[in-house]
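Taking it in order: structure first as structure tokens, then the write-up.
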Amino acid sequence: MRLPISILLLAISVPALAQAHELFEVSNPKHLQFNSEEAVKSYLQSVSEVETEYHLLQHLTPKFALVLGVDRNSLVWPDGKTSQGAEIRLRRWEPHIFRQGVIALSINELLRPENVARLELRIEHIEEAVVDARDLRK
């Protein structure tokens with residue numbers, strides 16, 4: 001009876017690990033206990049909540065490496081305005097700290113150069129369209 005349960009657990013775990021690898025990289029050289037299904041769920045829910053909070057129509061896709069087994073928890077910020085090169089470093093798997101890192105990197109995604117350029121252009125158009133009412137009397 002143990003064999004089918006093991007196969008079922010393996011069948012559930014392998015897709016979650018594969019999905020985790022697509023969303024973010026995982027480095028776990030000390031082979032610490034890590035729940036990839038929980039990490040994928042936390043990633044997706046965290047990104048979704050940021051999108052909802054900021055009323056975004058496009059999807060955020062923060063890219064980073066999760067590094068387990070370091071000396072202290074930290075978030076390594078990326079170079080530039082993309083999340084490329086970012087790392088969430090955890091002493092051990094701590095879901096709440098992982099979520100905080102995903103949220104911070106998701107918000108950072110809002111600052112991608114193309115988003116800043118799009119907002120700047122929209123502001124420029126609004127400023128050009130605004131007319132002072134006193135100028136209308138002339």
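Residue numbers start at 1 in each chain; chains themselves are named A, B, ... in the order of the structure tokens; ligands are numbered from 1 in the order shown.
Using only C-alpha atoms, the residues found no farther than 8 Å from Ile103 (chain A), other than those of its own chain fewer than 5 positions away, are Ser46, Val47 and Val50 of chain A.
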### Query
Which residues, written as a PyMOL selection string, have at least one atom at most 10 Å from Lys30 (chain A), with only C-alpha atoms counted and residues fewer than 5 positions away on the same chain left out?
chain A and resi 68-70+92
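Reported to one decimal place, the separation of CA of Thr52 (chain A) from CA of Leu110 (chain A) is 12.9 Å.
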### Members of region 31-128 of chain A assigned helix (DSSP H, G or I) by DSSP, as an NGL selection string
:A and (36-53 or 95-109 or 113-128)
Could those residues be written to a file, using C-alpha atoms, as a PDB file, in the first residue's frame?
ATOM      1  CA  SER A  36       8.317  23.549  -3.937  1.00  0.00           C
ATOM      2  CA  GLU A  37       4.512  23.317  -4.166  1.00  0.00           C
ATOM      3  CA  GLU A  38       4.152  25.842  -1.355  1.00  0.00           C
ATOM      4  CA  ALA A  39       6.752  28.092  -2.996  1.00  0.00           C
ATOM      5  CA  VAL A  40       4.936  28.038  -6.355  1.00  0.00           C
ATOM      6  CA  LYS A  41       1.609  28.758  -4.648  1.00  0.00           C
ATOM      7  CA  SER A  42       3.140  31.627  -2.641  1.00  0.00           C
ATOM      8  CA  TYR A  43       4.809  33.080  -5.741  1.00  0.00           C
ATOM      9  CA  LEU A  44       1.606  33.021  -7.800  1.00  0.00           C
ATOM     10  CA  GLN A  45      -0.568  34.388  -4.993  1.00  0.00           C
ATOM     11  CA  SER A  46       1.916  37.140  -4.079  1.00  0.00           C
ATOM     12  CA  VAL A  47       2.238  38.334  -7.676  1.00  0.00           C
ATOM     13  CA  SER A  48      -1.547  38.185  -8.121  1.00  0.00           C
ATOM     14  CA  GLU A  49      -2.138  40.285  -4.998  1.00  0.00           C
ATOM     15  CA  VAL A  50       0.319  42.965  -6.175  1.00  0.00           C
ATOM     16  CA  GLU A  51      -1.429  43.047  -9.572  1.00  0.00           C
ATOM     17  CA  THR A  52      -4.801  43.411  -7.834  1.00  0.00           C
ATOM     18  CA  GLU A  53      -3.571  46.033  -5.364  1.00  0.00           C
ATOM     19  CA  PRO A  95       7.256  31.059   3.529  1.00  0.00           C
ATOM     20  CA  HIS A  96       6.404  34.467   5.010  1.00  0.00           C
ATOM     21  CA  ILE A  97       9.863  35.886   4.237  1.00  0.00           C
ATOM     22  CA  PHE A  98       9.740  34.337   0.755  1.00  0.00           C
ATOM     23  CA  ARG A  99       6.368  36.058   0.148  1.00  0.00           C
ATOM     24  CA  GLN A 100       7.790  39.406   1.297  1.00  0.00           C
ATOM     25  CA  GLY A 101      10.624  39.043  -1.200  1.00  0.00           C
ATOM     26  CA  VAL A 102       8.266  38.134  -4.051  1.00  0.00           C
ATOM     27  CA  ILE A 103       6.056  41.128  -3.214  1.00  0.00           C
ATOM     28  CA  ALA A 104       9.038  43.516  -3.179  1.00  0.00           C
ATOM     29  CA  LEU A 105      10.373  42.172  -6.492  1.00  0.00           C
ATOM     30  CA  SER A 106       6.890  42.318  -8.034  1.00  0.00           C
ATOM     31  CA  ILE A 107       6.556  45.976  -7.082  1.00  0.00           C
ATOM     32  CA  ASN A 108      10.029  46.584  -8.504  1.00  0.00           C
ATOM     33  CA  GLU A 109       8.770  45.158 -11.816  1.00  0.00           C
ATOM     34  CA  PRO A 113      11.917  51.070 -18.258  1.00  0.00           C
ATOM     35  CA  GLU A 114       9.026  50.415 -20.658  1.00  0.00           C
ATOM     36  CA  ASN A 115       6.487  51.028 -17.866  1.00  0.00           C
ATOM     37  CA  VAL A 116       8.171  54.269 -16.824  1.00  0.00           C
ATOM     38  CA  ALA A 117       8.294  55.431 -20.474  1.00  0.00           C
ATOM     39  CA  ARG A 118       4.608  54.563 -20.979  1.00  0.00           C
ATOM     40  CA  LEU A 119       3.591  56.502 -17.853  1.00  0.00           C
ATOM     41  CA  GLU A 120       5.740  59.480 -18.792  1.00  0.00           C
ATOM     42  CA  LEU A 121       4.153  59.588 -22.271  1.00  0.00           C
ATOM     43  CA  ARG A 122       0.650  59.390 -20.765  1.00  0.00           C
ATOM     44  CA  ILE A 123       1.460  62.275 -18.393  1.00  0.00           C
ATOM     45  CA  GLU A 124       2.837  64.308 -21.290  1.00  0.00           C
ATOM     46  CA  HIS A 125      -0.396  63.812 -23.263  1.00  0.00           C
ATOM     47  CA  ILE A 126      -2.504  64.798 -20.263  1.00  0.00           C
ATOM     48  CA  GLU A 127      -0.420  67.921 -19.671  1.00  0.00           C
ATOM     49  CA  GLU A 128      -0.748  68.920 -23.333  1.00  0.00           C
TER      50      GLU A 128
END
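If you measure from each of A:Ile88, A:Pro78, A:Lys63, A:Asn73 to Ser27 (chain A) using only C-alpha atoms, the closest one turns out to be A:Ile88.
Secondary structure of chain A, strand (DSSP E or B) only (DSSP, backbone atoms): Glu25, Val26, Ser27, Phe64, Ala65, Leu66, Val67, Leu68, Ser74, Leu75, Val76, Ala86, Glu87, Ile88, Arg89 and Leu90 of chain A.
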